[in-house]
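**Student:** Coordinates in data26.csv, CSV, C-alpha atoms, are listed below.
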chain,number,residue,atom,x,y,z
U,1,MET,CA,4.2,-17.4,-24.5
U,2,ILE,CA,1.5,-14.9,-23.6
U,3,TYR,CA,3.2,-14.3,-20.2
U,4,SER,CA,6.4,-13.4,-21.9
U,5,ILE,CA,4.7,-11.1,-24.3
U,6,VAL,CA,2.8,-9.2,-21.6
U,7,LYS,CA,6.0,-9.1,-19.5
U,8,GLY,CA,7.8,-7.7,-22.6
U,9,ILE,CA,5.3,-5.0,-23.0
U,10,LEU,CA,5.0,-4.0,-19.3
U,11,LYS,CA,8.6,-4.0,-18.3
U,12,PRO,CA,9.7,-1.1,-20.5
U,13,ILE,CA,6.7,0.9,-19.4
U,14,LEU,CA,7.5,0.3,-15.7
U,15,LYS,CA,11.1,1.3,-16.4
U,16,LEU,CA,9.9,4.6,-17.8
U,17,LEU,CA,7.7,5.3,-14.8
U,18,TYR,CA,10.0,4.1,-12.0
U,19,ARG,CA,13.7,3.5,-11.3
U,20,VAL,CA,13.3,-0.1,-10.3
U,21,GLU,CA,16.3,-1.7,-8.5
U,22,VAL,CA,16.6,-5.3,-7.4
U,23,LYS,CA,19.0,-6.4,-4.7
U,24,GLY,CA,19.8,-9.9,-3.7
U,25,LYS,CA,18.9,-11.8,-6.9
U,26,GLU,CA,21.8,-14.1,-6.2
U,27,ASN,CA,19.8,-15.5,-3.2
U,28,PHE,CA,17.4,-17.2,-5.5
U,29,PRO,CA,17.7,-21.1,-5.6
U,30,GLN,CA,18.9,-22.6,-8.9
U,31,GLU,CA,16.2,-25.2,-8.7
U,32,THR,CA,12.5,-24.2,-9.0
U,33,GLY,CA,9.5,-25.1,-6.8
U,34,TYR,CA,9.8,-22.2,-4.3
U,35,ILE,CA,7.7,-19.4,-2.9
U,36,ILE,CA,8.3,-15.7,-3.4
U,37,CYS,CA,6.9,-13.8,-0.4
U,38,SER,CA,6.6,-10.0,-0.3
U,39,ASN,CA,4.9,-7.1,1.5
U,40,HIS,CA,2.1,-5.5,-0.4
U,41,THR,CA,1.7,-1.7,-0.8
U,42,HIS,CA,0.5,-1.2,-4.3
U,43,ASN,CA,-1.5,-2.9,-7.1
U,44,LEU,CA,1.7,-2.9,-9.2
U,45,ASP,CA,3.6,-5.1,-6.8
U,46,PRO,CA,2.9,-8.4,-8.5
U,47,PHE,CA,3.7,-6.9,-11.9
U,48,ILE,CA,7.0,-5.3,-10.7
U,49,ILE,CA,8.1,-8.6,-9.2
U,50,ALA,CA,7.1,-10.6,-12.3
U,51,CYS,CA,8.8,-8.2,-14.8
U,52,PHE,CA,12.1,-7.8,-12.9
U,53,MET,CA,12.6,-11.4,-11.8
U,54,ASN,CA,13.7,-14.0,-14.4
U,55,PRO,CA,11.4,-16.9,-13.5
U,56,GLN,CA,7.8,-17.2,-14.4
U,57,ILE,CA,5.6,-16.7,-11.3
U,58,HIS,CA,2.1,-18.0,-10.4
U,59,TYR,CA,0.3,-15.6,-8.1
U,60,ILE,CA,-2.4,-16.1,-5.5
U,61,ALA,CA,-4.6,-13.1,-5.6
U,62,LYS,CA,-7.7,-12.1,-3.7
U,63,LYS,CA,-10.9,-13.0,-5.6
U,64,GLU,CA,-12.1,-9.4,-5.4
U,65,LEU,CA,-9.4,-8.3,-7.9
U,66,PHE,CA,-11.0,-10.5,-10.6
U,67,LYS,CA,-14.2,-8.4,-10.5
U,68,ASN,CA,-12.3,-5.6,-12.4
U,69,ARG,CA,-12.0,-6.9,-16.0
U,70,LEU,CA,-8.8,-5.0,-16.8
U,71,ILE,CA,-7.0,-6.1,-13.7
U,72,ALA,CA,-8.4,-9.6,-14.0
U,73,TYR,CA,-7.1,-9.8,-17.6
U,74,PHE,CA,-3.5,-8.9,-16.6
U,75,LEU,CA,-3.6,-11.1,-13.5
U,76,LYS,CA,-4.6,-14.1,-15.6
U,77,LYS,CA,-1.9,-13.4,-18.1
U,78,PHE,CA,0.5,-13.4,-15.1
U,79,ASN,CA,-0.7,-16.9,-14.1
U,80,ALA,CA,-2.7,-15.6,-11.1
U,81,PHE,CA,-5.5,-17.6,-9.6
U,82,PRO,CA,-8.1,-16.4,-7.0
U,83,VAL,CA,-8.4,-17.1,-3.3
U,84,ASP,CA,-11.3,-16.4,-1.0
U,85,ARG,CA,-9.9,-14.7,2.0
U,86,GLN,CA,-13.1,-15.0,4.0
U,87,LYS,CA,-12.7,-18.7,4.5
U,88,ALA,CA,-10.1,-21.5,4.4
U,89,ASP,CA,-10.0,-21.8,0.6
U,90,ILE,CA,-8.9,-25.4,0.2
U,91,SER,CA,-9.1,-25.3,-3.5
U,92,ALA,CA,-6.6,-22.4,-3.7
U,93,ILE,CA,-4.3,-24.1,-1.3
U,94,LYS,CA,-4.4,-27.3,-3.4
U,95,THR,CA,-3.7,-25.3,-6.5
U,96,ALA,CA,-0.7,-23.6,-4.9
U,97,ILE,CA,0.7,-26.9,-3.6
U,98,LYS,CA,0.3,-28.5,-7.1
U,99,ILE,CA,2.2,-25.6,-8.7
U,100,LEU,CA,5.1,-26.0,-6.3
U,101,LYS,CA,5.2,-29.7,-6.6
U,102,GLY,CA,5.3,-29.2,-10.3
U,103,ASN,CA,8.6,-27.3,-9.8
U,104,GLU,CA,7.1,-24.0,-10.6
U,105,ILE,CA,7.2,-20.7,-8.7
U,106,LEU,CA,4.5,-19.3,-6.5
U,107,GLY,CA,4.1,-15.6,-5.5
U,108,ILE,CA,2.3,-14.8,-2.3
U,109,PHE,CA,1.5,-11.5,-0.4
U,110,PRO,CA,0.8,-13.0,3.1
U,111,GLU,CA,-0.8,-9.8,4.4
U,112,GLY,CA,-3.8,-10.6,2.2
U,113,THR,CA,-4.4,-7.0,1.2
U,114,ARG,CA,-2.5,-3.8,0.4
U,115,MET,CA,-1.0,-1.9,3.3
U,116,LYS,CA,-1.2,1.7,2.0
U,117,THR,CA,0.5,3.1,5.1
U,118,GLY,CA,3.7,1.2,4.2
U,119,GLU,CA,3.6,-0.8,7.4
U,120,ILE,CA,3.9,-4.6,7.4
U,121,GLY,CA,0.5,-6.1,8.1
U,122,HIS,CA,-0.9,-9.2,9.8
U,123,ALA,CA,0.4,-12.4,8.2
U,124,GLU,CA,-2.2,-15.0,7.2
U,125,PRO,CA,-1.3,-18.7,8.1
U,126,GLY,CA,-1.7,-19.9,4.5
U,127,ILE,CA,1.9,-19.2,3.4
U,128,ALA,CA,3.4,-21.4,6.2
U,129,MET,CA,0.8,-24.1,5.5
U,130,ILE,CA,1.5,-24.1,1.7
U,131,ALA,CA,5.3,-24.0,2.1
U,132,ILE,CA,5.3,-26.9,4.6
U,133,LYS,CA,2.9,-29.1,2.8
U,134,ALA,CA,4.7,-28.6,-0.6
U,135,LYS,CA,8.1,-28.8,1.1
U,136,ALA,CA,9.1,-25.5,-0.6
U,137,GLN,CA,11.6,-22.9,0.4
U,138,VAL,CA,10.4,-19.3,0.8
U,139,ILE,CA,12.3,-16.2,-0.6
U,140,PRO,CA,11.3,-13.1,1.4
U,141,ILE,CA,11.2,-9.8,-0.5
U,142,GLY,CA,10.9,-6.3,1.0
U,143,ILE,CA,9.4,-3.7,-1.4
U,144,SER,CA,9.8,0.1,-0.8
U,145,GLY,CA,9.5,3.3,-2.8
U,146,GLY,CA,5.9,4.4,-2.8
U,147,TYR,CA,5.6,4.2,-6.6
U,148,LYS,CA,6.0,7.9,-7.3
U,149,ILE,CA,6.7,8.7,-10.9
U,150,GLY,CA,10.4,9.0,-11.5
U,151,LYS,CA,11.3,7.7,-8.1
U,152,LYS,CA,13.1,4.5,-7.1
U,153,VAL,CA,11.2,1.3,-6.3
U,154,LEU,CA,13.5,-1.1,-4.5
U,155,LEU,CA,13.1,-4.8,-4.2
U,156,ASN,CA,15.4,-6.4,-1.6
U,157,CYS,CA,15.5,-10.2,-1.8
U,158,GLY,CA,16.6,-12.2,1.2
U,159,GLN,CA,18.1,-15.6,1.9
U,160,PRO,CA,15.9,-18.7,1.3
U,161,ILE,CA,13.9,-19.7,4.3
U,162,SER,CA,13.6,-23.5,4.9
U,163,LEU,CA,10.8,-24.9,7.0
U,164,GLU,CA,12.1,-28.5,6.8
U,165,LYS,CA,12.0,-29.0,10.5
U,166,TYR,CA,8.1,-28.8,10.3
U,167,TYR,CA,7.8,-31.4,7.4
U,168,GLY,CA,5.5,-34.3,8.3
U,169,LYS,CA,4.3,-32.7,11.6
U,170,LYS,CA,0.7,-32.0,12.5
U,171,LEU,CA,0.4,-28.3,13.2
U,172,SER,CA,-2.4,-26.1,14.5
U,173,ILE,CA,-3.6,-23.0,12.8
U,174,GLU,CA,-1.9,-21.0,15.6
U,175,GLU,CA,1.4,-22.7,14.8
U,176,TYR,CA,1.0,-21.9,11.1
U,177,GLN,CA,0.2,-18.4,12.1
U,178,SER,CA,3.4,-18.1,14.2
U,179,ILE,CA,5.5,-19.5,11.4
U,180,SER,CA,4.0,-17.1,8.9
U,181,LYS,CA,4.7,-14.2,11.3
U,182,ASP,CA,8.4,-15.3,11.4
U,183,ILE,CA,8.5,-15.2,7.6
U,184,MET,CA,7.0,-11.7,7.6
U,185,ASP,CA,9.5,-10.6,10.2
U,186,GLU,CA,12.2,-11.3,7.6
U,187,VAL,CA,10.3,-9.3,5.0
U,188,ARG,CA,10.1,-6.5,7.5
U,189,LYS,CA,13.9,-6.5,8.1
U,190,LEU,CA,14.5,-6.4,4.3
U,191,LYS,CA,12.0,-3.5,4.0
U,192,SER,CA,13.8,-1.6,6.8
U,193,LYS,CA,17.1,-2.0,5.0
U,194,ASN,CA,15.4,-0.4,1.9
U,195,GLU,CA,14.3,2.6,3.9
U,196,PHE,CA,17.9,3.2,5.0
U,197,ILE,CA,19.1,2.9,1.4
U,198,LEU,CA,16.4,5.2,0.0
U,199,GLN,CA,17.1,8.0,2.5
When written as C-alpha cells, how does the structure in this file appear?

**Tutor:**
Amino acid sequence: MIYSIVKGILKPILKLLYRVEVKGKENFPQETGYIICSNHTHNLDPFIIACFMNPQIHYIAKKELFKNRLIAYFLKKFNAFPVDRQKADISAIKTAIKILKGNEILGIFPEGTRMKTGEIGHAEPGIAMIAIKAKAQVIPIGISGGYKIGKKVLLNCGQPISLEKYYGKKLSIEEYQSISKDIMDEVRKLKSKNEFILQ
C-alpha cells in the first residue's frame, strides 16, 4: 500500500522533471520471480525504474545510502534492503534469494556504485550468484539521458537472460564474475542503442 502511494506521488513529479521513455516492456516475463539489472548513473535510477515499471520491485542498495535519513526513508518505502559491499554479505544474498523464490521481483545495480561518467562499470559477482541460486531470469536495462531537467531519460529493456545451464553447478567466484560481466555486456549494448536514439 505505502509503496503504491509513494510511487503515485513520485511518478507525476518525475514526469514533470524528465521526459521518461521506456522501450521493450514487452520483454518482461508474465510470471514473477525475476531480476531487473541496470547500469547506475544517478541516485534517481531506482525510483525511475520503480515508477515506470508495473511490478513492485525489491532493491538491493549499498548500506551507505541508509545513513541519509531522507534517502533511507524513500528506499525503505521502495522495498530496498542494505548490502555491505566491503565483504561477501551472506545475509543480503539470502534475503535476495528469498524474495525471488517468493515469486517477487529484485532490482540490482551490479556495478555496486554510481558511474557518473556514464560508462558501464565493473560488475560484481553477486548478481550471477543470486540469479543462479534462485533459478531466476535476468532482465537487462540500459539507462541513458543524464537526468537534465526537461530532457529525455530512456530506459531500454532487453530480452530475459536465462542462466539455466549453470543450475546445480559448483562455481568459483571468478566464474560468477565472468557471468556477471556477460550480463553487464548486454546492459552495455542496450545503453549504446539509447545513445544512438538520443542523438

**Student:** Select, from U:Phe78, U:Phe52, U:Tyr34, U:Phe28, the residue with the minimum atom-to-atom distance to Leu155 in chain U, counting all atoms listed in the file.

**Tutor:** U:Phe52

**Student:** Could you tell me how far CA of Val20 in chain U lies from CA of Ile139 in chain U, in Å and to one decimal?

**Tutor:**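 Between CA of Val20 in chain U and CA of Ile139 in chain U the gap works out to 18.8 Å.
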
**Student:** Let me make sure I understand: among U:Ala131, U:Ala123, U:Ile35, U:Tyr18, which one has the smallest atom-to-atom distance to Asp182 in chain U if we use all atoms listed in the file?

**Tutor:**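 Once distances to Asp182 in chain U are computed over all atoms listed in the file, the minimum belongs to U:Ala123.
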
**Student:** Between CA of Glu31 in chain U and CA of Ile130 in chain U, what is the distance in Å, rounded to a tenth?

**Tutor:**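 Distance between the two atoms: 18.0 Å.
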
**Student:** With all atoms listed in the file as the basis for distance, which of U:Ile9, U:Ile71, U:Met53, U:Ile97 is at the shortest distance from Ile127 in chain U?

**Tutor:**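 Counting all atoms listed in the file, the residue closest to Ile127 in chain U is U:Ile97.
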
**Student:** Give the answer as one residue: which of U:Phe74, U:Phe109, U:Tyr147, U:Tyr167 has the shortest atom-to-atom distance to Ile183 in chain U, using only C-alpha atoms?

**Tutor:**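 Among U:Phe74, U:Phe109, U:Tyr147, U:Tyr167, it is U:Phe109 that comes nearest to Ile183 in chain U.
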
**Student:** Under the rule that all atoms listed in the file are counted, which of U:Leu65, U:Leu190, U:Cys37, U:Ile143 is the nearest residue to Glu124 in chain U?

**Tutor:**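 Using all atoms listed in the file, Glu124 in chain U sits closest to U:Cys37.
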
**Student:** Go ahead and compute the interatomic distance for CA of Val138 in chain U and CA of Ser162 in chain U, in Å to one decimal.

**Tutor:**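 Between CA of Val138 in chain U and CA of Ser162 in chain U the gap works out to 6.7 Å.
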
**Student:** Give me, as a list in words, all polymer residues having an atom no more than 8 Å from Lys191 in chain U, counting all atoms listed in the file and skipping those fewer than 2 positions away in the same chain.

**Tutor:**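 The neighbour list is Ile141, Gly142, Ile143, Ser144, Asn156, Val187, Arg188, Lys189, Lys193, Asn194 and Glu195 of chain U.
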
**Student:** Selection from above, C-alpha atoms, as an mmCIF file, in the frame of the given file, can you write it?

**Tutor:**
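Produced file selection-v6.cif, reproduced below:
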data_model
loop_
_atom_site.group_PDB
_atom_site.id
_atom_site.type_symbol
_atom_site.label_atom_id
_atom_site.label_comp_id
_atom_site.auth_asym_id
_atom_site.auth_seq_id
_atom_site.Cartn_x
_atom_site.Cartn_y
_atom_site.Cartn_z
ATOM 1 C CA ILE U 141 11.200 -9.800 -0.500
ATOM 2 C CA GLY U 142 10.900 -6.300 1.000
ATOM 3 C CA ILE U 143 9.400 -3.700 -1.400
ATOM 4 C CA SER U 144 9.800 0.100 -0.800
ATOM 5 C CA ASN U 156 15.400 -6.400 -1.600
ATOM 6 C CA VAL U 187 10.300 -9.300 5.000
ATOM 7 C CA ARG U 188 10.100 -6.500 7.500
ATOM 8 C CA LYS U 189 13.900 -6.500 8.100
ATOM 9 C CA LYS U 193 17.100 -2.000 5.000
ATOM 10 C CA ASN U 194 15.400 -0.400 1.900
ATOM 11 C CA GLU U 195 14.300 2.600 3.900
#

**Student:** Pick from U:Ala128, U:Ala80, U:Ile5, U:Ala92: nearest to Ile105 in chain U, with only C-alpha atoms counted?

**Tutor:**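 Counting only C-alpha atoms, the residue closest to Ile105 in chain U is U:Ala80.
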
**Student:** Need the shell around Phe66 in chain U: protein/DNA/RNA residues with any atom at most 12 Å away, counting only C-alpha atoms. Skip same-chain ones fewer than 2 positions apart. Format as a list of chain:residue names?

**Tutor:** U:Ile60, U:Ala61, U:Lys62, U:Lys63, U:Glu64, U:Asn68, U:Arg69, U:Leu70, U:Ile71, U:Ala72, U:Tyr73, U:Phe74, U:Leu75, U:Lys76, U:Ala80, U:Phe81, U:Pro82, U:Val83, U:Asp84

**Student:** Would you mind exporting C-alpha atoms of the selected residues as a PDB file, in the frame of the given file?

**Tutor:**
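Written output follows (out-v6.pdb):
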ATOM      1  CA  ILE U  60      -2.400 -16.100  -5.500  1.00  0.00           C
ATOM      2  CA  ALA U  61      -4.600 -13.100  -5.600  1.00  0.00           C
ATOM      3  CA  LYS U  62      -7.700 -12.100  -3.700  1.00  0.00           C
ATOM      4  CA  LYS U  63     -10.900 -13.000  -5.600  1.00  0.00           C
ATOM      5  CA  GLU U  64     -12.100  -9.400  -5.400  1.00  0.00           C
ATOM      6  CA  ASN U  68     -12.300  -5.600 -12.400  1.00  0.00           C
ATOM      7  CA  ARG U  69     -12.000  -6.900 -16.000  1.00  0.00           C
ATOM      8  CA  LEU U  70      -8.800  -5.000 -16.800  1.00  0.00           C
ATOM      9  CA  ILE U  71      -7.000  -6.100 -13.700  1.00  0.00           C
ATOM     10  CA  ALA U  72      -8.400  -9.600 -14.000  1.00  0.00           C
ATOM     11  CA  TYR U  73      -7.100  -9.800 -17.600  1.00  0.00           C
ATOM     12  CA  PHE U  74      -3.500  -8.900 -16.600  1.00  0.00           C
ATOM     13  CA  LEU U  75      -3.600 -11.100 -13.500  1.00  0.00           C
ATOM     14  CA  LYS U  76      -4.600 -14.100 -15.600  1.00  0.00           C
ATOM     15  CA  ALA U  80      -2.700 -15.600 -11.100  1.00  0.00           C
ATOM     16  CA  PHE U  81      -5.500 -17.600  -9.600  1.00  0.00           C
ATOM     17  CA  PRO U  82      -8.100 -16.400  -7.000  1.00  0.00           C
ATOM     18  CA  VAL U  83      -8.400 -17.100  -3.300  1.00  0.00           C
ATOM     19  CA  ASP U  84     -11.300 -16.400  -1.000  1.00  0.00           C
TER      20      ASP U  84
END

**Student:** Extract, using all atoms listed in the file, all DNA, RNA and protein residues at most 9 Å from range 171-173 of chain U, discarding same-chain residues fewer than 3 positions from it, and format them as a PyMOL selection string.

**Tutor:** chain U and resi 125+129+166+176-178

**Student:** How would you write as a list in words the residues that get within 12 Å of (8.4, 10.0, -4.3) in the file's frame, counting only C-alpha atoms?

**Tutor:** Leu17, Tyr18, Arg19, Ser144, Gly145, Gly146, Tyr147, Lys148, Ile149, Gly150, Lys151, Lys152, Val153, Leu198 and Gln199 of chain U

**Student:** Skip Asn103 in chain U itself and residues of its chain fewer than 6 positions away, then list as an mmCIF file with C-alpha atoms, in the frame of the given file all residues within 12 Å of it, counting all atoms listed in the file.

**Tutor:**
data_model
loop_
_atom_site.group_PDB
_atom_site.id
_atom_site.type_symbol
_atom_site.label_atom_id
_atom_site.label_comp_id
_atom_site.auth_asym_id
_atom_site.auth_seq_id
_atom_site.Cartn_x
_atom_site.Cartn_y
_atom_site.Cartn_z
ATOM 1 C CA PRO U 29 17.700 -21.100 -5.600
ATOM 2 C CA GLN U 30 18.900 -22.600 -8.900
ATOM 3 C CA GLU U 31 16.200 -25.200 -8.700
ATOM 4 C CA THR U 32 12.500 -24.200 -9.000
ATOM 5 C CA GLY U 33 9.500 -25.100 -6.800
ATOM 6 C CA TYR U 34 9.800 -22.200 -4.300
ATOM 7 C CA ILE U 35 7.700 -19.400 -2.900
ATOM 8 C CA PRO U 55 11.400 -16.900 -13.500
ATOM 9 C CA GLN U 56 7.800 -17.200 -14.400
ATOM 10 C CA ILE U 57 5.600 -16.700 -11.300
ATOM 11 C CA HIS U 58 2.100 -18.000 -10.400
ATOM 12 C CA ALA U 96 -0.700 -23.600 -4.900
ATOM 13 C CA ILE U 97 0.700 -26.900 -3.600
ATOM 14 C CA ALA U 134 4.700 -28.600 -0.600
ATOM 15 C CA LYS U 135 8.100 -28.800 1.100
ATOM 16 C CA ALA U 136 9.100 -25.500 -0.600
ATOM 17 C CA GLN U 137 11.600 -22.900 0.400
#

**Student:** Save range 60-105 of chain U of the structure in the block above to a file, with C-alpha atoms included, as a compact mmCIF listing (two decimals), in the first residue's frame.

**Tutor:**
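Ended up saving to result.txt:
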# COMPACT_ATOMS: atom_id res chain seq x y z
CA ILE U 60 19.50 -4.19 -3.07
CA ALA U 61 21.13 -0.89 -2.08
CA LYS U 62 24.57 -0.15 -0.64
CA LYS U 63 24.33 0.29 3.14
CA GLU U 64 25.93 3.76 2.94
CA LEU U 65 22.72 5.13 1.39
CA PHE U 66 20.80 4.30 4.55
CA LYS U 67 22.89 6.81 6.53
CA ASN U 68 20.95 9.66 4.87
CA ARG U 69 17.56 9.72 6.58
CA LEU U 70 15.62 11.12 3.62
CA ILE U 71 17.11 8.70 1.09
CA ALA U 72 16.77 5.83 3.57
CA TYR U 73 13.08 6.67 4.07
CA PHE U 74 12.31 6.50 0.34
CA LEU U 75 14.48 3.42 -0.19
CA LYS U 76 12.63 1.55 2.54
CA LYS U 77 9.29 2.58 1.06
CA PHE U 78 10.53 1.14 -2.22
CA ASN U 79 11.27 -2.19 -0.53
CA ALA U 80 15.05 -1.66 -0.51
CA PHE U 81 17.37 -3.53 1.84
CA PRO U 82 21.07 -2.86 2.52
CA VAL U 83 24.14 -4.75 1.39
CA ASP U 84 27.69 -4.37 2.68
CA ARG U 85 29.87 -4.05 -0.43
CA GLN U 86 33.08 -4.45 1.56
CA LYS U 87 32.50 -8.15 2.20
CA ALA U 88 30.55 -11.16 1.00
CA ASP U 89 27.25 -10.14 2.60
CA ILE U 90 25.62 -13.55 3.05
CA SER U 91 22.59 -12.04 4.80
CA ALA U 92 21.80 -9.77 1.83
CA ILE U 93 22.28 -12.66 -0.62
CA LYS U 94 19.91 -14.86 1.39
CA THR U 95 17.31 -12.06 1.51
CA ALA U 96 17.57 -11.59 -2.27
CA ILE U 97 17.15 -15.32 -2.95
CA LYS U 98 14.16 -15.48 -0.57
CA ILE U 99 12.49 -12.59 -2.44
CA LEU U 100 12.95 -14.32 -5.80
CA LYS U 101 11.80 -17.72 -4.55
CA GLY U 102 8.73 -15.96 -3.19
CA ASN U 103 7.93 -15.01 -6.82
CA GLU U 104 8.74 -11.35 -6.26
CA ILE U 105 10.98 -9.04 -8.28
